[in-house]
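The structure appears below as C-alpha cells.
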Amino acid sequence: MTDTHAPGGPGPLLIDHTAVGDIRVLTLRGEIDHAVRNELTEALLSYGGAAPPKIVVDLSGVTFMDSSGINVLIAAHQSMSAAQGWLRIAGAQESVLRTLQLVGLDQVIGCHPTVEQALTA
C-alpha cells in the first residue's frame, strides 16, 4: 500500500505510507514545521482502528524539524500508547536527531538508525 501526499505550501513535506505486516511505515521527506503539522498529525493518527497501532516514522529524508514536529510526535506517541500500540523513529539525520535529543524525545520514543532495526526492536 502506497499513498503519497504533498501539501501546497512552502517547504512541502512528502509522506509515503507503506505496511510491513501489521506495522505502518511512514516515510517522510522535506521539512517538518508549523505549515505541515496538521497533515503530519492526520497521517500519524489515521491508523484506521488498527489495534494496537504500530508505526515506524522514517525521518531519513527530513532535513529540518521544529517544535511543531516534536509536538506532533509526542501527541502520536501518547495516542498510540493509550491504544496499547507504539511509535518508533528511524533514520533521523544528524540535525533532526540532535533536535530529538535536545528535548529528550529520544528517551521517550525509540530512535533507531534504520527502518529495519525499528521494525524488529
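Residues are named by chain letter and number: chains run A, B, ... in the order of the C-alpha cells, numbers start at 1 in each chain, and ligands are numbered from 1 in the order shown.
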
- Residue set, range 20-115 of chain A restricted to strand (DSSP E), as a ChimeraX atom specification: /A:20,23-32,54-65,86-90,110-112

- Query: Leaving out Ser95 in chain A and any residue of its chain fewer than 5 positions from it, which residues lie within 9 Å of it when counting only C-alpha atoms, given as a PyMOL selection string?
  - Reply: chain A and resi 63-65+100

Could the residues in this selection be written to a file with N, CA and C atoms, as a PDB file, in the first residue's frame?
ATOM      1  N   THR A  63      14.943  17.072   6.472  1.00  0.00           N
ATOM      2  CA  THR A  63      16.113  17.939   6.611  1.00  0.00           C
ATOM      3  C   THR A  63      15.973  18.955   7.726  1.00  0.00           C
ATOM      4  N   PHE A  64      14.747  19.173   8.219  1.00  0.00           N
ATOM      5  CA  PHE A  64      14.510  20.162   9.270  1.00  0.00           C
ATOM      6  C   PHE A  64      13.259  19.769  10.033  1.00  0.00           C
ATOM      7  N   MET A  65      13.296  19.944  11.360  1.00  0.00           N
ATOM      8  CA  MET A  65      12.106  19.743  12.180  1.00  0.00           C
ATOM      9  C   MET A  65      12.135  20.734  13.327  1.00  0.00           C
ATOM     10  N   LEU A 100      15.845  15.996  18.460  1.00  0.00           N
ATOM     11  CA  LEU A 100      15.142  14.998  19.276  1.00  0.00           C
ATOM     12  C   LEU A 100      15.859  14.771  20.611  1.00  0.00           C
TER      13      LEU A 100
END

Residues near Val115 in chain A, cut-off 9 Å, only C-alpha atoms, skip fewer than 2 positions along chain, as an mmCIF file with N, CA, C and O atoms, in the first residue's frame:
data_model
loop_
_atom_site.group_PDB
_atom_site.id
_atom_site.type_symbol
_atom_site.label_atom_id
_atom_site.label_comp_id
_atom_site.auth_asym_id
_atom_site.auth_seq_id
_atom_site.Cartn_x
_atom_site.Cartn_y
_atom_site.Cartn_z
ATOM 1 N N VAL A 25 4.571 2.005 8.029
ATOM 2 C CA VAL A 25 5.811 2.759 7.909
ATOM 3 C C VAL A 25 5.487 4.050 7.170
ATOM 4 O O VAL A 25 4.968 4.017 6.054
ATOM 5 N N VAL A 56 6.247 3.013 12.385
ATOM 6 C CA VAL A 56 7.634 3.444 12.294
ATOM 7 C C VAL A 56 7.641 4.691 11.417
ATOM 8 O O VAL A 56 7.092 4.677 10.314
ATOM 9 N N VAL A 57 8.232 5.765 11.925
ATOM 10 C CA VAL A 57 8.352 7.005 11.166
ATOM 11 C C VAL A 57 9.789 7.107 10.667
ATOM 12 O O VAL A 57 10.717 7.248 11.461
ATOM 13 N N ASP A 58 9.949 6.996 9.356
ATOM 14 C CA ASP A 58 11.264 7.080 8.730
ATOM 15 C C ASP A 58 11.574 8.548 8.447
ATOM 16 O O ASP A 58 10.972 9.159 7.569
ATOM 17 N N ILE A 89 10.908 5.825 15.775
ATOM 18 C CA ILE A 89 11.538 6.725 14.811
ATOM 19 C C ILE A 89 12.744 6.016 14.215
ATOM 20 O O ILE A 89 13.487 5.345 14.927
ATOM 21 N N ALA A 90 12.935 6.191 12.904
ATOM 22 C CA ALA A 90 14.066 5.557 12.230
ATOM 23 C C ALA A 90 14.778 6.560 11.327
ATOM 24 O O ALA A 90 14.150 7.441 10.742
ATOM 25 N N GLY A 91 16.089 6.396 11.235
ATOM 26 C CA GLY A 91 16.886 7.083 10.228
ATOM 27 C C GLY A 91 17.001 8.583 10.312
ATOM 28 O O GLY A 91 17.295 9.220 9.298
ATOM 29 N N HIS A 112 15.929 4.670 16.090
ATOM 30 C CA HIS A 112 16.759 3.613 15.531
ATOM 31 C C HIS A 112 17.451 4.110 14.269
ATOM 32 O O HIS A 112 16.893 4.927 13.535
ATOM 33 N N PRO A 113 18.654 3.604 13.975
ATOM 34 C CA PRO A 113 19.396 4.055 12.796
ATOM 35 C C PRO A 113 18.712 3.733 11.467
ATOM 36 O O PRO A 113 18.842 4.471 10.500
ATOM 37 N N GLN A 117 15.839 -1.878 11.684
ATOM 38 C CA GLN A 117 16.066 -2.021 13.129
ATOM 39 C C GLN A 117 14.845 -1.581 13.934
ATOM 40 O O GLN A 117 14.517 -2.200 14.952
ATOM 41 N N ALA A 118 14.153 -0.549 13.470
ATOM 42 C CA ALA A 118 12.940 -0.105 14.166
ATOM 43 C C ALA A 118 11.832 -1.144 14.077
ATOM 44 O O ALA A 118 11.077 -1.353 15.033
ATOM 45 N N LEU A 119 11.736 -1.825 12.945
ATOM 46 C CA LEU A 119 10.699 -2.846 12.765
ATOM 47 C C LEU A 119 10.917 -4.038 13.688
ATOM 48 O O LEU A 119 9.945 -4.662 14.140
ATOM 49 N N THR A 120 12.163 -4.358 13.995
ATOM 50 C CA THR A 120 12.450 -5.555 14.784
ATOM 51 C C THR A 120 12.797 -5.289 16.235
ATOM 52 O O THR A 120 13.115 -6.219 16.973
#

- So which residues touch range 101-105 of chain A within 8 Å, counting only C-alpha atoms, skipping near sequence neighbours fewer than 3 positions away, as number ranges by chain? A: 70, 74, 97-98, 108-109

For the residues selected in the previous step, produce a file with N, CA, C and O atoms as a short mmCIF file (atom, residue, chain, number, x, y, z; two decimals), in the first residue's frame.
data_model
loop_
_atom_site.label_atom_id
_atom_site.label_comp_id
_atom_site.auth_asym_id
_atom_site.auth_seq_id
_atom_site.Cartn_x
_atom_site.Cartn_y
_atom_site.Cartn_z
N ILE A 70 7.98 18.06 16.87
CA ILE A 70 8.16 17.43 18.19
C ILE A 70 6.80 17.23 18.84
O ILE A 70 6.49 16.14 19.34
N ILE A 74 4.97 13.70 19.90
CA ILE A 74 4.56 13.42 21.29
C ILE A 74 3.09 13.04 21.34
O ILE A 74 2.71 12.05 21.99
N LEU A 97 18.10 14.42 14.54
CA LEU A 97 18.38 13.61 15.73
C LEU A 97 18.84 14.48 16.88
O LEU A 97 18.43 14.28 18.03
N ARG A 98 19.65 15.48 16.60
CA ARG A 98 20.12 16.40 17.64
C ARG A 98 18.94 17.13 18.28
O ARG A 98 18.87 17.28 19.50
N VAL A 108 11.94 8.98 25.12
CA VAL A 108 10.53 8.63 25.23
C VAL A 108 10.10 7.73 24.07
O VAL A 108 9.38 6.76 24.26
N ILE A 109 10.54 8.08 22.87
CA ILE A 109 10.22 7.33 21.66
C ILE A 109 11.50 6.68 21.16
O ILE A 109 12.52 7.35 21.02
#

- Message: Among range 68-106 of chain A, which ones does DSSP assign to helix (DSSP H, G or I) (computed from the backbone)? Answer as a ChimeraX atom specification.
- Response: /A:68-82,94-102,105-106

Please produce an output containing C-alpha atoms for each residue in the selection, written as a PDB file, in the first residue's frame.
ATOM      1  CA  SER A  68       5.712  21.628  15.700  1.00  0.00           C
ATOM      2  CA  GLY A  69       7.104  18.252  14.638  1.00  0.00           C
ATOM      3  CA  ILE A  70       8.158  17.428  18.190  1.00  0.00           C
ATOM      4  CA  ASN A  71       4.644  18.185  19.445  1.00  0.00           C
ATOM      5  CA  VAL A  72       3.039  16.035  16.723  1.00  0.00           C
ATOM      6  CA  LEU A  73       5.324  13.100  17.559  1.00  0.00           C
ATOM      7  CA  ILE A  74       4.559  13.425  21.290  1.00  0.00           C
ATOM      8  CA  ALA A  75       0.802  13.507  20.657  1.00  0.00           C
ATOM      9  CA  ALA A  76       1.017  10.499  18.322  1.00  0.00           C
ATOM     10  CA  HIS A  77       3.143   8.571  20.827  1.00  0.00           C
ATOM     11  CA  GLN A  78       0.626   9.276  23.603  1.00  0.00           C
ATOM     12  CA  SER A  79      -2.317   8.258  21.414  1.00  0.00           C
ATOM     13  CA  MET A  80      -0.691   5.012  20.304  1.00  0.00           C
ATOM     14  CA  SER A  81       0.493   4.148  23.812  1.00  0.00           C
ATOM     15  CA  ALA A  82      -3.048   4.661  25.112  1.00  0.00           C
ATOM     16  CA  GLU A  94      22.109  14.256  12.444  1.00  0.00           C
ATOM     17  CA  SER A  95      20.442  17.697  12.659  1.00  0.00           C
ATOM     18  CA  VAL A  96      16.988  16.196  13.307  1.00  0.00           C
ATOM     19  CA  LEU A  97      18.375  13.607  15.728  1.00  0.00           C
ATOM     20  CA  ARG A  98      20.119  16.397  17.640  1.00  0.00           C
ATOM     21  CA  THR A  99      16.778  18.190  17.995  1.00  0.00           C
ATOM     22  CA  LEU A 100      15.142  14.998  19.276  1.00  0.00           C
ATOM     23  CA  GLN A 101      17.973  14.534  21.775  1.00  0.00           C
ATOM     24  CA  LEU A 102      17.923  18.164  22.964  1.00  0.00           C
ATOM     25  CA  LEU A 105      12.270  12.797  22.881  1.00  0.00           C
ATOM     26  CA  ASP A 106      14.777  10.050  22.074  1.00  0.00           C
TER      27      ASP A 106
END

- Find the distance between CA of Ile15 in chain A and CA of Ser67 in chain A and write it in Å to one decimal.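 For CA of Ile15 in chain A relative to CA of Ser67 in chain A, the distance reads 18.7 Å.
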
- Message: For a test of reading the model, state the distance in Å between CA of Gly110 in chain A and CA of Trp86 in chain A, rounded to one decimal.
- Response: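 Distance reported for this atom pair: 9.3 Å.
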
- So what do you get for CA of Asp33 in chain A versus CA of Pro53 in chain A, distance-wise?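 Those two atoms sit 24.4 Å apart.
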
- Taking only C-alpha atoms into account, which of A:Ala51, A:Ala19, A:Ala83, A:Leu13 comes nearest His34 in chain A? A:Leu13

- Query: Out of A:Val20, A:Ser60, A:Asp66, A:Pro52, which residue has the shortest atom-to-atom distance to Ala35 in chain A when counting only C-alpha atoms?
  - Reply: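 Closest to Ala35 in chain A, using only C-alpha atoms: A:Asp66.
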